[in-house]
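Trainee: Shown below is the structure under consideration.
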Amino acid sequence: KAVRFSFTVMSVSVQAEGEDEAVTVFRESWPNSELSCKPLCLMFVDESDHETLTAILGPVVAERDAMKSSRLILSLGGLLRSFRFHFRGTGYDEKMVREMEGLEASGSMYICTLCDSTRAEASHNMVLHSITRSHEENLERYEIWRTNPYSESTDELRDRVKGVSAKPFMETQPGLDALHCDIGNATEFYKIFQDEIGEVHRRPCPSREER
């Protein structure tokens with residue numbers, strides 16, 4: 001597919017000396033507009049092709065990491081101003097997130113890219129949608145997967161790392177966790193469809209066997 005990798009200045013904040021909170025002086029009102037998204041590269045690539053993807057985006061990640069740990073000093077109005085950068089990766093689909101964060105493919109038992117839920121756990125959870133995964137934790141779990149410090153079996157090790165099977169490449173910003181809700185709704189609709197096909201409405205109180 002065509003992957004367009006671009007960046008947007010989402011907001012600019014100023015924190016006065018001695019103050020605890022920063023004041024936002026600019027916030028992009030149309031962050032998804034082509035007018036505000038500045039393209040870095042446009043590529044035709046399969047996100048499952050880890051080698052090609054990392055070769056293309058590797059310099060971008062290296063530059064981003066360098067900017068995270070440094071400051072930009074500019075002269076504004078005759079005064080030197082210091083700027084720090086905070087990056088938030090968004091706009092990735094599930095397949096891309098799994099590739100970027102080193103997670104197993106979408107057929108994995110660990111269905112969610114934002115928490116540790118398995119398919120069985122998610123199907124019974126229609127209310128709680130907490131985000132528990134993080135880039136740092138995925139990196140730690142990859143090291144456990146790579147080194148197996150507790151000399152565990154493959155199944156035990158896989159259960160410990162919760163679906164992490166490759167080194168996370170780029171940090172992604174967690175978004176709305178709708179997977180649990182989708183799975184839970186699908187389970188409920190499945191029951192409704194079964195009842196309709198079996199014409200359960202014709203029998204007011206069918207037994208379990210009849211149902």
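Residues in the structure tokens are numbered from 1 in each chain, the chains being A, B, ... in the order shown, and ligands are numbered from 1 in the order shown.
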Which polymer residues have any atom within 10 Å of an atom of stretch 131-137 of chain A, counting only C-alpha atoms, with same-chain residues fewer than 5 positions away left out, as a list in words?

Mentor: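 Answer for this query is Met100, Glu101, Gly102, Cys112, Thr113, Leu114, Cys115, Asp116, Ser117, Tyr142, Glu143, Val161, Lys162, Val164, Pro168, Phe169, Met170, Glu171, Thr172, Gln173, Pro174, Gly175, Leu176 and Asp177 of chain A.
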
Trainee: Could you pull out all residues of stretch 6-205 of chain A with a DSSP call of helix (DSSP H, G or I) and give them as a PyMOL selection string?

Mentor: chain A and resi 50-68+94-100+119-123+135-147+154-161+179-197+200-202

Trainee: Rank A:Ala16, A:Ile73, A:Leu42, A:Cys37 by their smallest atom-to-atom distance to A:Arg4, using only C-alpha atoms, and report the top residue only.

Mentor: A:Leu42

Trainee: Identify, on the basis of only C-alpha atoms, every residue whose closest approach to stretch 12-15 of chain A does not exceed 7 Å; exclude the query and any residue fewer than 2 positions from it along the same chain; express the result as a ChimeraX atom specification.

Mentor: /A:17,19,21-27

Trainee: Please dump the current selection as a PDB file, in the first residue's frame; keep all heavy atoms.

Mentor:
ATOM      1  N   GLU A  17       9.412  30.959  33.649  1.00  0.00           N
ATOM      2  CA  GLU A  17      10.339  30.529  34.698  1.00  0.00           C
ATOM      3  C   GLU A  17       9.671  30.601  36.065  1.00  0.00           C
ATOM      4  O   GLU A  17       9.057  31.612  36.433  1.00  0.00           O
ATOM      5  CB  GLU A  17      11.580  31.423  34.657  1.00  0.00           C
ATOM      6  CG  GLU A  17      12.721  30.913  35.526  1.00  0.00           C
ATOM      7  CD  GLU A  17      13.985  31.715  35.334  1.00  0.00           C
ATOM      8  OE1 GLU A  17      14.059  32.499  34.364  1.00  0.00           O
ATOM      9  OE2 GLU A  17      14.910  31.560  36.154  1.00  0.00           O
ATOM     10  N   GLU A  19       7.106  28.810  36.959  1.00  0.00           N
ATOM     11  CA  GLU A  19       5.725  28.342  36.866  1.00  0.00           C
ATOM     12  C   GLU A  19       5.685  26.823  36.696  1.00  0.00           C
ATOM     13  O   GLU A  19       6.559  26.235  36.055  1.00  0.00           O
ATOM     14  CB  GLU A  19       5.015  28.999  35.688  1.00  0.00           C
ATOM     15  CG  GLU A  19       4.848  30.509  35.822  1.00  0.00           C
ATOM     16  CD  GLU A  19       3.892  30.884  36.935  1.00  0.00           C
ATOM     17  OE1 GLU A  19       2.966  30.089  37.201  1.00  0.00           O
ATOM     18  OE2 GLU A  19       4.066  31.955  37.545  1.00  0.00           O
ATOM     19  N   GLU A  21       2.900  25.108  35.394  1.00  0.00           N
ATOM     20  CA  GLU A  21       2.140  24.722  34.208  1.00  0.00           C
ATOM     21  C   GLU A  21       2.500  25.601  33.020  1.00  0.00           C
ATOM     22  O   GLU A  21       2.779  26.791  33.162  1.00  0.00           O
ATOM     23  CB  GLU A  21       0.635  24.813  34.489  1.00  0.00           C
ATOM     24  CG  GLU A  21       0.147  23.834  35.549  1.00  0.00           C
ATOM     25  CD  GLU A  21      -1.354  23.876  35.690  1.00  0.00           C
ATOM     26  OE1 GLU A  21      -2.004  24.613  34.924  1.00  0.00           O
ATOM     27  OE2 GLU A  21      -1.877  23.161  36.570  1.00  0.00           O
ATOM     28  N   ALA A  22       2.465  24.955  31.839  1.00  0.00           N
ATOM     29  CA  ALA A  22       2.748  25.685  30.599  1.00  0.00           C
ATOM     30  C   ALA A  22       1.464  26.271  30.028  1.00  0.00           C
ATOM     31  O   ALA A  22       0.367  25.755  30.255  1.00  0.00           O
ATOM     32  CB  ALA A  22       3.400  24.755  29.587  1.00  0.00           C
ATOM     33  N   VAL A  23       1.610  27.360  29.299  1.00  0.00           N
ATOM     34  CA  VAL A  23       0.479  28.011  28.640  1.00  0.00           C
ATOM     35  C   VAL A  23       0.556  27.732  27.146  1.00  0.00           C
ATOM     36  O   VAL A  23       1.598  27.982  26.517  1.00  0.00           O
ATOM     37  CB  VAL A  23       0.497  29.539  28.893  1.00  0.00           C
ATOM     38  CG1 VAL A  23      -0.650  30.215  28.150  1.00  0.00           C
ATOM     39  CG2 VAL A  23       0.422  29.832  30.380  1.00  0.00           C
ATOM     40  N   THR A  24      -0.509  27.183  26.577  1.00  0.00           N
ATOM     41  CA  THR A  24      -0.534  26.878  25.147  1.00  0.00           C
ATOM     42  C   THR A  24      -0.802  28.145  24.358  1.00  0.00           C
ATOM     43  O   THR A  24      -1.834  28.798  24.548  1.00  0.00           O
ATOM     44  CB  THR A  24      -1.618  25.823  24.829  1.00  0.00           C
ATOM     45  OG1 THR A  24      -1.348  24.630  25.586  1.00  0.00           O
ATOM     46  CG2 THR A  24      -1.625  25.487  23.344  1.00  0.00           C
ATOM     47  N   VAL A  25       0.136  28.496  23.468  1.00  0.00           N
ATOM     48  CA  VAL A  25      -0.009  29.714  22.667  1.00  0.00           C
ATOM     49  C   VAL A  25      -0.447  29.406  21.244  1.00  0.00           C
ATOM     50  O   VAL A  25      -0.849  30.300  20.501  1.00  0.00           O
ATOM     51  CB  VAL A  25       1.313  30.513  22.649  1.00  0.00           C
ATOM     52  CG1 VAL A  25       1.658  31.001  24.050  1.00  0.00           C
ATOM     53  CG2 VAL A  25       2.452  29.674  22.080  1.00  0.00           C
ATOM     54  N   PHE A  26      -0.364  28.121  20.848  1.00  0.00           N
ATOM     55  CA  PHE A  26      -0.831  27.730  19.517  1.00  0.00           C
ATOM     56  C   PHE A  26      -1.317  26.296  19.573  1.00  0.00           C
ATOM     57  O   PHE A  26      -0.681  25.443  20.175  1.00  0.00           O
ATOM     58  CB  PHE A  26       0.294  27.845  18.481  1.00  0.00           C
ATOM     59  CG  PHE A  26      -0.030  27.169  17.166  1.00  0.00           C
ATOM     60  CD1 PHE A  26      -0.851  27.786  16.232  1.00  0.00           C
ATOM     61  CD2 PHE A  26       0.470  25.899  16.870  1.00  0.00           C
ATOM     62  CE1 PHE A  26      -1.163  27.153  15.037  1.00  0.00           C
ATOM     63  CE2 PHE A  26       0.168  25.268  15.684  1.00  0.00           C
ATOM     64  CZ  PHE A  26      -0.651  25.900  14.756  1.00  0.00           C
ATOM     65  N   ARG A  27      -2.464  26.047  18.950  1.00  0.00           N
ATOM     66  CA  ARG A  27      -2.983  24.689  18.820  1.00  0.00           C
ATOM     67  C   ARG A  27      -3.588  24.533  17.430  1.00  0.00           C
ATOM     68  O   ARG A  27      -4.423  25.346  17.027  1.00  0.00           O
ATOM     69  CB  ARG A  27      -4.033  24.382  19.891  1.00  0.00           C
ATOM     70  CG  ARG A  27      -4.458  22.907  19.908  1.00  0.00           C
ATOM     71  CD  ARG A  27      -5.483  22.640  20.987  1.00  0.00           C
ATOM     72  NE  ARG A  27      -4.981  22.973  22.316  1.00  0.00           N
ATOM     73  CZ  ARG A  27      -4.212  22.151  23.034  1.00  0.00           C
ATOM     74  NH1 ARG A  27      -3.860  20.970  22.541  1.00  0.00           N
ATOM     75  NH2 ARG A  27      -3.799  22.509  24.234  1.00  0.00           N
TER      76      ARG A  27
END

Trainee: Looking only at the backbone, which of the residues in chain A does DSSP tag as strand (DSSP E), as a VMD selection string?

Mentor: chain A and resid 2 to 7 11 to 14 23 to 27 38 to 44 72 to 76 79 to 83

Trainee: With distances taken over only C-alpha atoms, which residue among A:Tyr92, A:Arg81, A:Met109, A:Ser151 lies nearest A:Ala122?

Mentor: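 Of all the options, A:Met109 lies closest to A:Ala122.
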
Trainee: Residues at most 12 Å from stretch 57-61 of chain A, counting only C-alpha atoms, excluding those fewer than 4 positions away in the same chain, as a PyMOL selection string?

Mentor: chain A and resi 3-7+39-43+45+47+50-53+65-68+87+89+100+168-172

Trainee: Between atom CA of A:Lys38 and atom CA of A:Gly77, what is the spacing in Å?

Mentor: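 Computed distance, atom CA of A:Gly77 to atom CA of A:Lys38, equals 26.6 Å.
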
Trainee: What does the distance between atom CA of A:Arg146 and atom CA of A:Ser165 come to in Å, to one decimal place?

Mentor: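 Here the two named atoms are 8.4 Å from each other.
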
Trainee: Which one is closest to A:Phe85: A:Val9, A:Pro149, A:Asp20, A:Ala55? Count only C-alpha atoms.

Mentor: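 Between A:Val9, A:Pro149, A:Asp20, A:Ala55, the residue approaching A:Phe85 most closely is A:Val9.
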
Trainee: For a quick check of understanding, using only C-alpha atoms, which of A:Glu156, A:Thr90, A:Glu63, A:Ser75 has the smallest distance to A:Met10?

Mentor: A:Thr90
